[in-house]
$ cat protein-v3.cif   # mmCIF, C-alpha atoms
data_final
loop_
_atom_site.group_PDB
_atom_site.id
_atom_site.type_symbol
_atom_site.label_atom_id
_atom_site.label_comp_id
_atom_site.auth_asym_id
_atom_site.auth_seq_id
_atom_site.Cartn_x
_atom_site.Cartn_y
_atom_site.Cartn_z
ATOM 1 C CA MET F 523 -26.702 0.235 5.505
ATOM 2 C CA THR F 524 -28.838 -0.605 8.540
ATOM 3 C CA VAL F 525 -28.045 -3.990 10.048
ATOM 4 C CA GLN F 526 -31.033 -5.904 11.396
ATOM 5 C CA THR F 527 -29.752 -7.463 14.600
ATOM 6 C CA GLU F 528 -32.761 -9.778 14.809
ATOM 7 C CA LEU F 529 -31.510 -11.652 11.741
ATOM 8 C CA PHE F 530 -28.272 -12.414 13.566
ATOM 9 C CA GLU F 531 -30.134 -13.393 16.718
ATOM 10 C CA LYS F 532 -32.333 -15.779 14.756
ATOM 11 C CA ARG F 533 -29.236 -17.532 13.394
ATOM 12 C CA ALA F 534 -27.218 -17.377 16.627
ATOM 13 C CA ASP F 535 -26.463 -21.112 16.583
ATOM 14 C CA ASP F 536 -25.119 -20.924 13.032
ATOM 15 C CA PHE F 537 -22.882 -17.979 13.876
ATOM 16 C CA ALA F 538 -21.688 -19.818 16.997
ATOM 17 C CA TRP F 539 -20.675 -22.703 14.739
ATOM 18 C CA CYS F 540 -18.668 -20.271 12.587
ATOM 19 C CA GLU F 541 -17.044 -18.785 15.668
ATOM 20 C CA GLU F 542 -15.834 -22.214 16.761
ATOM 21 C CA VAL F 543 -14.187 -22.644 13.349
ATOM 22 C CA ILE F 544 -12.161 -19.444 13.681
ATOM 23 C CA LYS F 545 -11.302 -20.093 17.349
ATOM 24 C CA ARG F 546 -9.821 -23.483 16.426
ATOM 25 C CA ASN F 547 -7.849 -22.283 13.450
ATOM 26 C CA SER F 548 -6.636 -18.691 13.778
ATOM 27 C CA LYS F 549 -5.847 -17.173 17.145
ATOM 28 C CA SER F 550 -4.531 -13.905 15.657
ATOM 29 C CA PHE F 551 -7.520 -13.375 13.382
ATOM 30 C CA TYR F 552 -9.903 -14.257 16.194
ATOM 31 C CA ARG F 553 -8.200 -11.980 18.711
ATOM 32 C CA ALA F 554 -8.350 -9.019 16.366
ATOM 33 C CA PHE F 555 -11.812 -9.293 14.897
ATOM 34 C CA SER F 556 -13.451 -10.187 18.206
ATOM 35 C CA LEU F 557 -12.970 -6.457 18.867
ATOM 36 C CA LEU F 558 -15.681 -5.595 16.322
ATOM 37 C CA PRO F 559 -19.284 -4.860 17.336
ATOM 38 C CA ALA F 560 -21.477 -7.964 17.513
ATOM 39 C CA CYS F 561 -23.039 -8.152 14.037
ATOM 40 C CA LYS F 562 -19.829 -7.249 12.232
ATOM 41 C CA ARG F 563 -17.902 -9.690 14.413
ATOM 42 C CA ALA F 564 -20.298 -12.523 13.612
ATOM 43 C CA SER F 565 -20.138 -11.670 9.901
ATOM 44 C CA VAL F 566 -16.340 -11.858 9.846
ATOM 45 C CA TYR F 567 -16.511 -15.235 11.577
ATOM 46 C CA ALA F 568 -18.871 -16.513 8.868
ATOM 47 C CA LEU F 569 -16.592 -15.323 6.059
ATOM 48 C CA TYR F 570 -13.621 -16.922 7.802
ATOM 49 C CA ALA F 571 -15.540 -20.214 8.056
ATOM 50 C CA PHE F 572 -16.067 -20.159 4.291
ATOM 51 C CA CYS F 573 -12.357 -19.541 3.690
ATOM 52 C CA ARG F 574 -11.484 -22.370 6.087
ATOM 53 C CA ALA F 575 -13.802 -24.739 4.212
ATOM 54 C CA ALA F 576 -12.016 -23.870 0.967
ATOM 55 C CA ASP F 577 -8.589 -24.308 2.567
ATOM 56 C CA ASP F 578 -9.538 -27.614 4.196
ATOM 57 C CA SER F 579 -10.684 -29.003 0.854
ATOM 58 C CA VAL F 580 -7.063 -28.759 -0.256
ATOM 59 C CA ASP F 581 -4.795 -28.936 2.799
ATOM 60 C CA ARG F 582 -6.793 -31.485 4.797
ATOM 61 C CA ASP F 583 -8.810 -33.422 2.198
ATOM 62 C CA LYS F 584 -6.516 -32.892 -0.829
ATOM 63 C CA SER F 585 -9.683 -33.211 -2.873
ATOM 64 C CA ALA F 586 -10.580 -31.446 -6.103
ATOM 65 C CA GLU F 587 -14.035 -32.975 -5.745
ATOM 66 C CA ALA F 588 -14.533 -31.350 -2.325
ATOM 67 C CA LEU F 589 -13.463 -27.998 -3.748
ATOM 68 C CA ASP F 590 -15.835 -28.460 -6.700
ATOM 69 C CA ARG F 591 -18.680 -29.193 -4.283
ATOM 70 C CA LEU F 592 -17.895 -26.056 -2.311
ATOM 71 C CA GLU F 593 -17.830 -24.015 -5.511
ATOM 72 C CA GLY F 594 -21.180 -25.500 -6.492
ATOM 73 C CA ASP F 595 -22.630 -24.573 -3.106
ATOM 74 C CA LEU F 596 -21.182 -21.077 -3.526
ATOM 75 C CA ALA F 597 -22.791 -20.677 -6.948
ATOM 76 C CA ASP F 598 -26.127 -21.888 -5.532
ATOM 77 C CA PHE F 599 -25.776 -19.493 -2.615
ATOM 78 C CA PHE F 600 -25.275 -16.418 -4.775
ATOM 79 C CA ALA F 601 -28.119 -17.595 -7.042
ATOM 80 C CA GLY F 602 -30.435 -17.470 -4.016
ATOM 81 C CA ARG F 603 -30.488 -21.198 -3.278
ATOM 82 C CA VAL F 604 -28.952 -21.230 0.230
ATOM 83 C CA PRO F 605 -27.654 -24.697 1.210
ATOM 84 C CA ASP F 606 -29.178 -25.842 4.503
ATOM 85 C CA GLN F 607 -25.943 -25.883 6.523
ATOM 86 C CA PRO F 608 -24.680 -23.632 9.358
ATOM 87 C CA LEU F 609 -22.060 -21.936 7.172
ATOM 88 C CA TRP F 610 -24.477 -20.987 4.419
ATOM 89 C CA ARG F 611 -27.322 -20.029 6.731
ATOM 90 C CA ALA F 612 -24.969 -17.628 8.528
ATOM 91 C CA MET F 613 -23.604 -16.367 5.212
ATOM 92 C CA GLY F 614 -27.170 -15.697 4.093
ATOM 93 C CA VAL F 615 -27.591 -13.215 6.940
ATOM 94 C CA VAL F 616 -24.284 -11.560 6.033
ATOM 95 C CA LEU F 617 -25.369 -11.219 2.408
ATOM 96 C CA GLU F 618 -28.666 -9.682 3.491
ATOM 97 C CA SER F 619 -26.931 -7.263 5.870
ATOM 98 C CA PHE F 620 -23.942 -6.016 3.866
ATOM 99 C CA SER F 621 -23.141 -5.223 0.220
ATOM 100 C CA ILE F 622 -21.088 -8.371 -0.360
ATOM 101 C CA ASP F 623 -19.372 -8.827 -3.735
ATOM 102 C CA GLU F 624 -19.314 -12.423 -4.939
ATOM 103 C CA ARG F 625 -16.135 -12.214 -7.047
ATOM 104 C CA PRO F 626 -13.592 -12.534 -4.179
ATOM 105 C CA PHE F 627 -15.266 -15.759 -3.017
ATOM 106 C CA PHE F 628 -14.757 -17.392 -6.398
ATOM 107 C CA ASP F 629 -11.207 -15.995 -6.485
ATOM 108 C CA MET F 630 -10.560 -17.812 -3.198
ATOM 109 C CA ILE F 631 -11.675 -21.074 -4.831
ATOM 110 C CA GLU F 632 -9.287 -20.387 -7.715
ATOM 111 C CA GLY F 633 -6.437 -19.862 -5.254
ATOM 112 C CA GLN F 634 -7.113 -23.215 -3.636
ATOM 113 C CA ARG F 635 -7.110 -24.864 -7.069
ATOM 114 C CA ARG F 636 -3.634 -23.466 -7.595
ATOM 115 C CA ASP F 637 -2.520 -25.236 -4.427
ATOM 116 C CA LEU F 638 -3.935 -28.533 -5.727
ATOM 117 C CA ALA F 639 -1.729 -28.149 -8.805
ATOM 118 C CA PHE F 640 1.087 -26.584 -6.830
ATOM 119 C CA GLU F 641 4.237 -25.216 -8.468
ATOM 120 C CA GLN F 642 6.944 -23.256 -6.686
ATOM 121 C CA PRO F 643 6.587 -19.591 -7.691
ATOM 122 C CA LYS F 644 9.366 -18.483 -9.998
ATOM 123 C CA THR F 645 9.203 -14.793 -9.147
ATOM 124 C CA LEU F 646 7.980 -12.523 -6.393
ATOM 125 C CA ALA F 647 5.234 -11.385 -8.778
ATOM 126 C CA ASP F 648 4.110 -15.019 -9.131
ATOM 127 C CA LEU F 649 3.963 -15.372 -5.345
ATOM 128 C CA GLU F 650 1.974 -12.159 -4.949
ATOM 129 C CA GLU F 651 -0.481 -13.220 -7.640
ATOM 130 C CA TYR F 652 -1.074 -16.491 -5.793
ATOM 131 C CA ALA F 653 -1.305 -14.615 -2.479
ATOM 132 C CA TYR F 654 -4.001 -12.374 -3.948
ATOM 133 C CA TYR F 655 -6.197 -15.376 -4.717
ATOM 134 C CA VAL F 656 -5.857 -17.060 -1.319
ATOM 135 C CA ALA F 657 -5.604 -13.966 0.914
ATOM 136 C CA GLY F 658 -5.958 -10.658 -0.913
ATOM 137 C CA SER F 659 -9.403 -11.911 -1.853
ATOM 138 C CA VAL F 660 -10.193 -12.145 1.872
ATOM 139 C CA GLY F 661 -9.424 -8.445 2.243
ATOM 140 C CA LEU F 662 -11.989 -7.710 -0.456
ATOM 141 C CA MET F 663 -14.537 -9.986 1.238
ATOM 142 C CA LEU F 664 -14.173 -8.151 4.541
ATOM 143 C CA LEU F 665 -14.220 -4.554 3.349
ATOM 144 C CA PRO F 666 -18.008 -4.259 2.825
ATOM 145 C CA ILE F 667 -18.340 -5.172 6.525
ATOM 146 C CA LEU F 668 -15.548 -2.896 7.740
ATOM 147 C CA HIS F 669 -16.686 -0.032 5.468
ATOM 148 C CA ALA F 670 -20.439 -0.562 5.595
ATOM 149 C CA ARG F 671 -21.622 3.049 5.557
ATOM 150 C CA ALA F 672 -21.061 3.447 1.788
ATOM 151 C CA SER F 673 -19.534 1.683 -1.194
ATOM 152 C CA VAL F 674 -15.870 0.820 -0.735
ATOM 153 C CA PRO F 675 -13.520 3.269 -2.546
ATOM 154 C CA GLU F 676 -10.968 1.796 -4.947
ATOM 155 C CA GLU F 677 -7.971 2.996 -2.917
ATOM 156 C CA LEU F 678 -9.292 1.119 0.108
ATOM 157 C CA LYS F 679 -9.852 -2.023 -1.953
ATOM 158 C CA GLN F 680 -6.182 -2.010 -2.950
ATOM 159 C CA SER F 681 -5.131 -1.538 0.666
ATOM 160 C CA GLY F 682 -7.314 -4.507 1.644
ATOM 161 C CA ILE F 683 -5.695 -6.627 -1.054
ATOM 162 C CA ASP F 684 -2.212 -5.537 0.061
ATOM 163 C CA LEU F 685 -3.015 -6.398 3.672
ATOM 164 C CA GLY F 686 -4.183 -9.878 2.693
ATOM 165 C CA ILE F 687 -1.060 -10.462 0.603
ATOM 166 C CA ALA F 688 1.156 -9.249 3.472
ATOM 167 C CA MET F 689 -0.575 -11.663 5.852
ATOM 168 C CA GLN F 690 -0.141 -14.544 3.419
ATOM 169 C CA ILE F 691 3.567 -13.824 2.992
ATOM 170 C CA THR F 692 3.832 -13.695 6.780
ATOM 171 C CA ASN F 693 2.166 -17.112 7.040
ATOM 172 C CA ILE F 694 4.585 -18.477 4.445
ATOM 173 C CA LEU F 695 7.582 -17.121 6.375
ATOM 174 C CA ARG F 696 6.266 -18.616 9.613
ATOM 175 C CA ASP F 697 5.537 -22.015 8.042
ATOM 176 C CA VAL F 698 8.535 -22.666 5.773
ATOM 177 C CA GLY F 699 9.325 -26.000 7.415
ATOM 178 C CA GLU F 700 5.702 -27.077 7.716
ATOM 179 C CA ASP F 701 5.085 -26.349 4.038
ATOM 180 C CA LEU F 702 8.252 -28.231 3.121
ATOM 181 C CA ASP F 703 6.904 -31.267 4.980
ATOM 182 C CA ASN F 704 3.817 -31.015 2.752
ATOM 183 C CA GLY F 705 5.886 -30.864 -0.428
ATOM 184 C CA ARG F 706 5.470 -27.134 -1.025
ATOM 185 C CA VAL F 707 8.071 -24.395 -1.324
ATOM 186 C CA TYR F 708 6.498 -20.951 -1.583
ATOM 187 C CA LEU F 709 9.827 -19.102 -1.537
ATOM 188 C CA PRO F 710 10.288 -17.746 -5.083
ATOM 189 C CA VAL F 711 13.028 -19.315 -7.201
ATOM 190 C CA GLU F 712 14.446 -15.887 -8.135
ATOM 191 C CA LEU F 713 14.824 -14.867 -4.481
ATOM 192 C CA MET F 714 16.468 -18.165 -3.566
ATOM 193 C CA ARG F 715 18.969 -17.708 -6.371
ATOM 194 C CA ALA F 716 19.662 -14.106 -5.390
ATOM 195 C CA ALA F 717 20.366 -15.225 -1.812
ATOM 196 C CA HIS F 718 22.493 -18.200 -2.979
ATOM 197 C CA TYR F 719 20.242 -20.582 -1.074
ATOM 198 C CA SER F 720 19.450 -23.869 -2.808
ATOM 199 C CA ARG F 721 16.662 -26.441 -2.629
ATOM 200 C CA ARG F 722 19.290 -28.788 -1.192
ATOM 201 C CA ASP F 723 19.987 -26.279 1.604
ATOM 202 C CA LEU F 724 16.258 -26.065 2.235
ATOM 203 C CA LYS F 725 15.854 -29.838 2.440
ATOM 204 C CA ARG F 726 18.749 -29.896 4.921
ATOM 205 C CA ARG F 727 16.872 -27.188 6.848
ATOM 206 C CA LEU F 728 19.990 -25.072 6.877
ATOM 207 C CA VAL F 729 19.616 -21.732 8.645
ATOM 208 C CA ASP F 730 22.608 -19.634 7.668
ATOM 209 C CA GLU F 731 23.267 -16.088 6.471
ATOM 210 C CA SER F 732 21.884 -16.896 3.028
ATOM 211 C CA PHE F 733 18.635 -18.202 4.500
ATOM 212 C CA VAL F 734 18.266 -15.113 6.681
ATOM 213 C CA ASP F 735 18.852 -12.884 3.633
ATOM 214 C CA LEU F 736 16.239 -14.827 1.688
ATOM 215 C CA TRP F 737 13.742 -14.740 4.561
ATOM 216 C CA GLU F 738 14.264 -11.024 5.185
ATOM 217 C CA SER F 739 13.835 -10.141 1.511
ATOM 218 C CA LEU F 740 10.298 -11.497 1.726
ATOM 219 C CA ALA F 741 9.672 -10.106 5.213
ATOM 220 C CA GLU F 742 10.612 -6.627 4.039
ATOM 221 C CA ARG F 743 8.143 -6.930 1.181
ATOM 222 C CA ALA F 744 5.409 -7.981 3.600
ATOM 223 C CA GLU F 745 6.185 -5.005 5.844
ATOM 224 C CA VAL F 746 5.830 -2.647 2.876
ATOM 225 C CA LEU F 747 2.471 -4.206 2.029
ATOM 226 C CA TYR F 748 1.206 -3.744 5.587
ATOM 227 C CA LEU F 749 1.635 0.032 5.333
ATOM 228 C CA PRO F 750 -1.245 1.007 2.992
ATOM 229 C CA MET F 751 -3.932 -0.277 5.370
ATOM 230 C CA GLN F 752 -2.157 1.302 8.314
ATOM 231 C CA PHE F 753 -2.616 4.615 6.515
ATOM 232 C CA ASP F 754 -6.079 3.900 5.091
ATOM 233 C CA ALA F 755 -7.670 2.447 8.220
ATOM 234 C CA ALA F 756 -8.921 5.975 8.864
ATOM 235 C CA LEU F 757 -11.261 5.445 5.890
ATOM 236 C CA LEU F 758 -12.974 2.492 7.574
ATOM 237 C CA ASP F 759 -16.079 2.772 9.743
ATOM 238 C CA GLU F 760 -15.029 4.123 13.111
ATOM 239 C CA ASP F 761 -16.153 0.924 14.852
ATOM 240 C CA SER F 762 -13.932 -1.180 12.582
ATOM 241 C CA ARG F 763 -10.600 0.631 12.748
ATOM 242 C CA PHE F 764 -9.317 -0.812 16.017
ATOM 243 C CA ALA F 765 -9.964 -4.442 15.016
ATOM 244 C CA THR F 766 -8.383 -3.943 11.600
ATOM 245 C CA ILE F 767 -5.239 -2.255 12.914
ATOM 246 C CA SER F 768 -5.016 -4.899 15.655
ATOM 247 C CA SER F 769 -5.117 -7.671 13.049
ATOM 248 C CA LEU F 770 -2.344 -5.906 11.150
ATOM 249 C CA PHE F 771 -0.180 -5.549 14.257
ATOM 250 C CA LEU F 772 -0.759 -9.150 15.379
ATOM 251 C CA TYR F 773 0.196 -10.609 12.013
ATOM 252 C CA ARG F 774 3.170 -8.321 11.561
ATOM 253 C CA GLY F 775 4.203 -9.364 15.055
ATOM 254 C CA ILE F 776 4.656 -12.928 13.790
ATOM 255 C CA LEU F 777 7.625 -11.719 11.742
ATOM 256 C CA ASP F 778 9.301 -10.346 14.859
ATOM 257 C CA GLN F 779 8.615 -13.604 16.716
ATOM 258 C CA VAL F 780 10.434 -15.567 13.997
ATOM 259 C CA ARG F 781 13.352 -13.142 14.192
ATOM 260 C CA GLU F 782 13.518 -13.366 17.966
ATOM 261 C CA GLY F 783 13.447 -17.153 17.699
ATOM 262 C CA GLY F 784 16.561 -17.186 15.537
ATOM 263 C CA TYR F 785 14.738 -17.847 12.251
ATOM 264 C CA ARG F 786 13.975 -21.431 13.293
ATOM 265 C CA CYS F 787 10.897 -21.556 11.023
ATOM 266 C CA LEU F 788 12.323 -24.625 9.267
ATOM 267 C CA THR F 789 11.944 -26.716 12.391
ATOM 268 C CA SER F 790 9.331 -24.961 14.551
ATOM 269 C CA ARG F 791 6.354 -22.615 14.320
ATOM 270 C CA SER F 792 6.533 -19.198 15.954
ATOM 271 C CA VAL F 793 3.431 -17.901 17.701
ATOM 272 C CA VAL F 794 2.544 -14.565 19.258
ATOM 273 C CA SER F 795 2.124 -15.165 22.984
ATOM 274 C CA GLN F 796 -0.838 -13.860 24.980
ATOM 275 C CA ASP F 797 1.370 -11.238 26.629
ATOM 276 C CA GLN F 798 2.821 -10.125 23.315
ATOM 277 C CA ALA F 799 -0.640 -10.042 21.751
ATOM 278 C CA ARG F 800 -1.856 -7.739 24.508
ATOM 279 C CA LYS F 801 1.107 -5.426 23.917
ATOM 280 C CA LEU F 802 0.485 -5.346 20.170
ATOM 281 C CA ILE F 803 -3.195 -4.593 20.625
ATOM 282 C CA ALA F 804 -2.279 -1.821 23.068
ATOM 283 C CA GLU F 805 0.095 -0.425 20.426
ATOM 284 C CA ALA F 806 -2.729 -0.529 17.886
ATOM 285 C CA GLU F 807 -4.975 1.384 20.265
ATOM 286 C CA ALA F 808 -2.248 3.943 20.946
ATOM 287 C CA LEU F 809 -1.709 4.393 17.213
ATOM 288 C CA LEU F 810 -5.361 5.221 16.665
ATOM 289 C CA ARG F 811 -5.356 7.706 19.556
ATOM 290 C CA ALA F 812 -2.141 9.455 18.540
ATOM 291 C CA GLU F 813 -2.174 12.932 17.070
ATOM 292 C CA ARG F 814 -0.214 11.566 14.132
ATOM 293 C CA PRO F 815 -1.699 8.047 14.036
ATOM 294 C CA LEU F 816 -0.228 6.999 10.722
ATOM 295 C CA VAL F 817 3.477 7.416 11.427
ATOM 296 C CA PHE F 818 4.929 3.928 11.113
ATOM 297 C CA ALA F 819 8.186 4.632 12.962
ATOM 298 C CA GLU F 820 6.402 5.714 16.111
ATOM 299 C CA VAL F 821 4.955 2.251 16.768
ATOM 300 C CA ARG F 822 7.858 -0.019 15.825
#
$ encode --input "protein-v3.cif" --output "structure tokens"
Amino acid sequence: MTVQTELFEKRADDFAWCEEVIKRNSKSFYRAFSLLPACKRASVYALYAFCRAADDSVDRDKSAEALDRLEGDLADFFAGRVPDQPLWRAMGVVLESFSIDERPFFDMIEGQRRDLAFEQPKTLADLEEYAYYVAGSVGLMLLPILHARASVPEELKQSGIDLGIAMQITNILRDVGEDLDNGRVYLPVELMRAAHYSRRDLKRRLVDESFVDLWESLAERAEVLYLPMQFDAALLDEDSRFATISSLFLYRGILDQVREGGYRCLTSRSVVSQDQARKLIAEAEALLRAERPLVFAEVR
């Protein structure tokens, strides 16, 4: 697909608005995808701004009505009635430039609805199903931009979903205390029981061997889910591989930051520093240049 750069230039102010949204809200995502060429970069920012609007409807506004309005705007948008707002004007250019599938956008809305009627997941499968809707769907949104030369193969779609789920689990493991403050426990009941860690322990913000076992059981699952895209990044457009692998490394790096901080995610939020981010991005670049670029052990 040939991207018409003049469409992006015409809507430069709208894409700048979207860029401000991602800069304010996700340093890791912004760092990674700013490595894309200009039109792809702007498109990712626009998709992120949509996801942020959906998330804000729930986490900031706690409003089913706001989410319903966003869903209505989304339905209008895909029906060809583009709302006259920066987000939708930018999204209109993305839709005209890439083969965007509408289903993941509506799946994102469904995921946010699940947060409005939140229930602690009982099993790991329950958590991963939820994580698909709020994050795996984002992987599917992005793939037509990152693999723009042809239709996205099914194997790559699954890797995109797995990457999104891994990132969501990583966010959950970083934000255990923050989510608890908001009345949400995303740690599955079955894993808490297996680790002999209770809701009472959680409310006391107890970090002991049981908590570490619980945390690591989820972290190990996230690390497994990061692997498919690390292997399949070679299927992406050449100009999109570095940004994608960098995003993977930056998010996976959050897990190591929590570990290095003594698993204090119940009382503080771990962040990847600028220096560490540079190292992780350098590792991503080295991985892509290596003769055997897909060997996980060589970059850990």
$ atom_distance --input "protein-v3.cif" --atom1 "CA of Arg696 (chain F)" --atom2 "CA of Glu742 (chain F)"
13.9 Å
$ residues_around --input "protein-v3.cif" --residues "region 633-636 of chain F" --least-positions-apart "6" --cutoff "9 Å" --atoms "only C-alpha atoms" --output "list in words"
Ala576, Asp577, Ser579, Val580, Asp581, Ala586, Leu589, Tyr652, Ala653, Tyr654, Tyr655, Val656 and Ala657 of chain F
$ resolve_selection --input "protein-v3.cif" --expression "the PyMOL selection byres ((chain F and resi 764-769) around 8)" --output "JSON list (two decimals) with C-alpha atoms, in the coordinates of the input"
[["chain", "number", "residue", "atom", "x", "y", "z"],
["F", 550, "SER", "CA", -4.53, -13.90, 15.66],
["F", 551, "PHE", "CA", -7.52, -13.38, 13.38],
["F", 553, "ARG", "CA", -8.20, -11.98, 18.71],
["F", 554, "ALA", "CA", -8.35, -9.02, 16.37],
["F", 555, "PHE", "CA", -11.81, -9.29, 14.90],
["F", 556, "SER", "CA", -13.45, -10.19, 18.21],
["F", 557, "LEU", "CA", -12.97, -6.46, 18.87],
["F", 558, "LEU", "CA", -15.68, -5.60, 16.32],
["F", 751, "MET", "CA", -3.93, -0.28, 5.37],
["F", 752, "GLN", "CA", -2.16, 1.30, 8.31],
["F", 755, "ALA", "CA", -7.67, 2.45, 8.22],
["F", 761, "ASP", "CA", -16.15, 0.92, 14.85],
["F", 762, "SER", "CA", -13.93, -1.18, 12.58],
["F", 763, "ARG", "CA", -10.60, 0.63, 12.75],
["F", 770, "LEU", "CA", -2.34, -5.91, 11.15],
["F", 771, "PHE", "CA", -0.18, -5.55, 14.26],
["F", 772, "LEU", "CA", -0.76, -9.15, 15.38],
["F", 773, "TYR", "CA", 0.20, -10.61, 12.01],
["F", 802, "LEU", "CA", 0.48, -5.35, 20.17],
["F", 803, "ILE", "CA", -3.20, -4.59, 20.62],
["F", 806, "ALA", "CA", -2.73, -0.53, 17.89],
["F", 807, "GLU", "CA", -4.97, 1.38, 20.26],
["F", 810, "LEU", "CA", -5.36, 5.22, 16.66]]
$ closest_residue --input "protein-v3.cif" --among "F:Leu757, F:Tyr567, F:Leu788, F:Phe627" --to "Arg546 (chain F)" --atoms "all atoms listed in the file"
F:Tyr567
$ resolve_selection --input "protein-v3.cif" --expression "the PyMOL selection byres ((chain F and resi 692) around 10)" --output "mmCIF file with C-alpha atoms, in the frame of the given file"
data_model
loop_
_atom_site.group_PDB
_atom_site.id
_atom_site.type_symbol
_atom_site.label_atom_id
_atom_site.label_comp_id
_atom_site.auth_asym_id
_atom_site.auth_seq_id
_atom_site.Cartn_x
_atom_site.Cartn_y
_atom_site.Cartn_z
ATOM 1 C CA GLY F 686 -4.183 -9.878 2.693
ATOM 2 C CA ILE F 687 -1.060 -10.462 0.603
ATOM 3 C CA ALA F 688 1.156 -9.249 3.472
ATOM 4 C CA MET F 689 -0.575 -11.663 5.852
ATOM 5 C CA GLN F 690 -0.141 -14.544 3.419
ATOM 6 C CA ILE F 691 3.567 -13.824 2.992
ATOM 7 C CA ASN F 693 2.166 -17.112 7.040
ATOM 8 C CA ILE F 694 4.585 -18.477 4.445
ATOM 9 C CA LEU F 695 7.582 -17.121 6.375
ATOM 10 C CA ARG F 696 6.266 -18.616 9.613
ATOM 11 C CA ASP F 697 5.537 -22.015 8.042
ATOM 12 C CA LEU F 740 10.298 -11.497 1.726
ATOM 13 C CA ALA F 741 9.672 -10.106 5.213
ATOM 14 C CA ARG F 743 8.143 -6.930 1.181
ATOM 15 C CA ALA F 744 5.409 -7.981 3.600
ATOM 16 C CA GLU F 745 6.185 -5.005 5.844
ATOM 17 C CA TYR F 773 0.196 -10.609 12.013
ATOM 18 C CA ARG F 774 3.170 -8.321 11.561
ATOM 19 C CA GLY F 775 4.203 -9.364 15.055
ATOM 20 C CA ILE F 776 4.656 -12.928 13.790
ATOM 21 C CA LEU F 777 7.625 -11.719 11.742
ATOM 22 C CA VAL F 780 10.434 -15.567 13.997
#
$ resolve_selection --input "protein-v3.cif" --expression "the PyMOL selection byres ((chain F and resi 698-710) around 9)" --output "ChimeraX atom specification"
/F:581,637,640-649,691,693-697,711-715,721,724-725,727,736-737,740,786-791
$ closest_residue --input "protein-v3.cif" --among "F:Arg533, F:Lys679, F:Arg722, F:Lys545" --to "Ala571 (chain F)" --atoms "all atoms listed in the file"
F:Lys545
$ atom_distance --input "protein-v3.cif" --atom1 "CA of Ser681 (chain F)" --atom2 "CA of Pro750 (chain F)"
5.2 Å
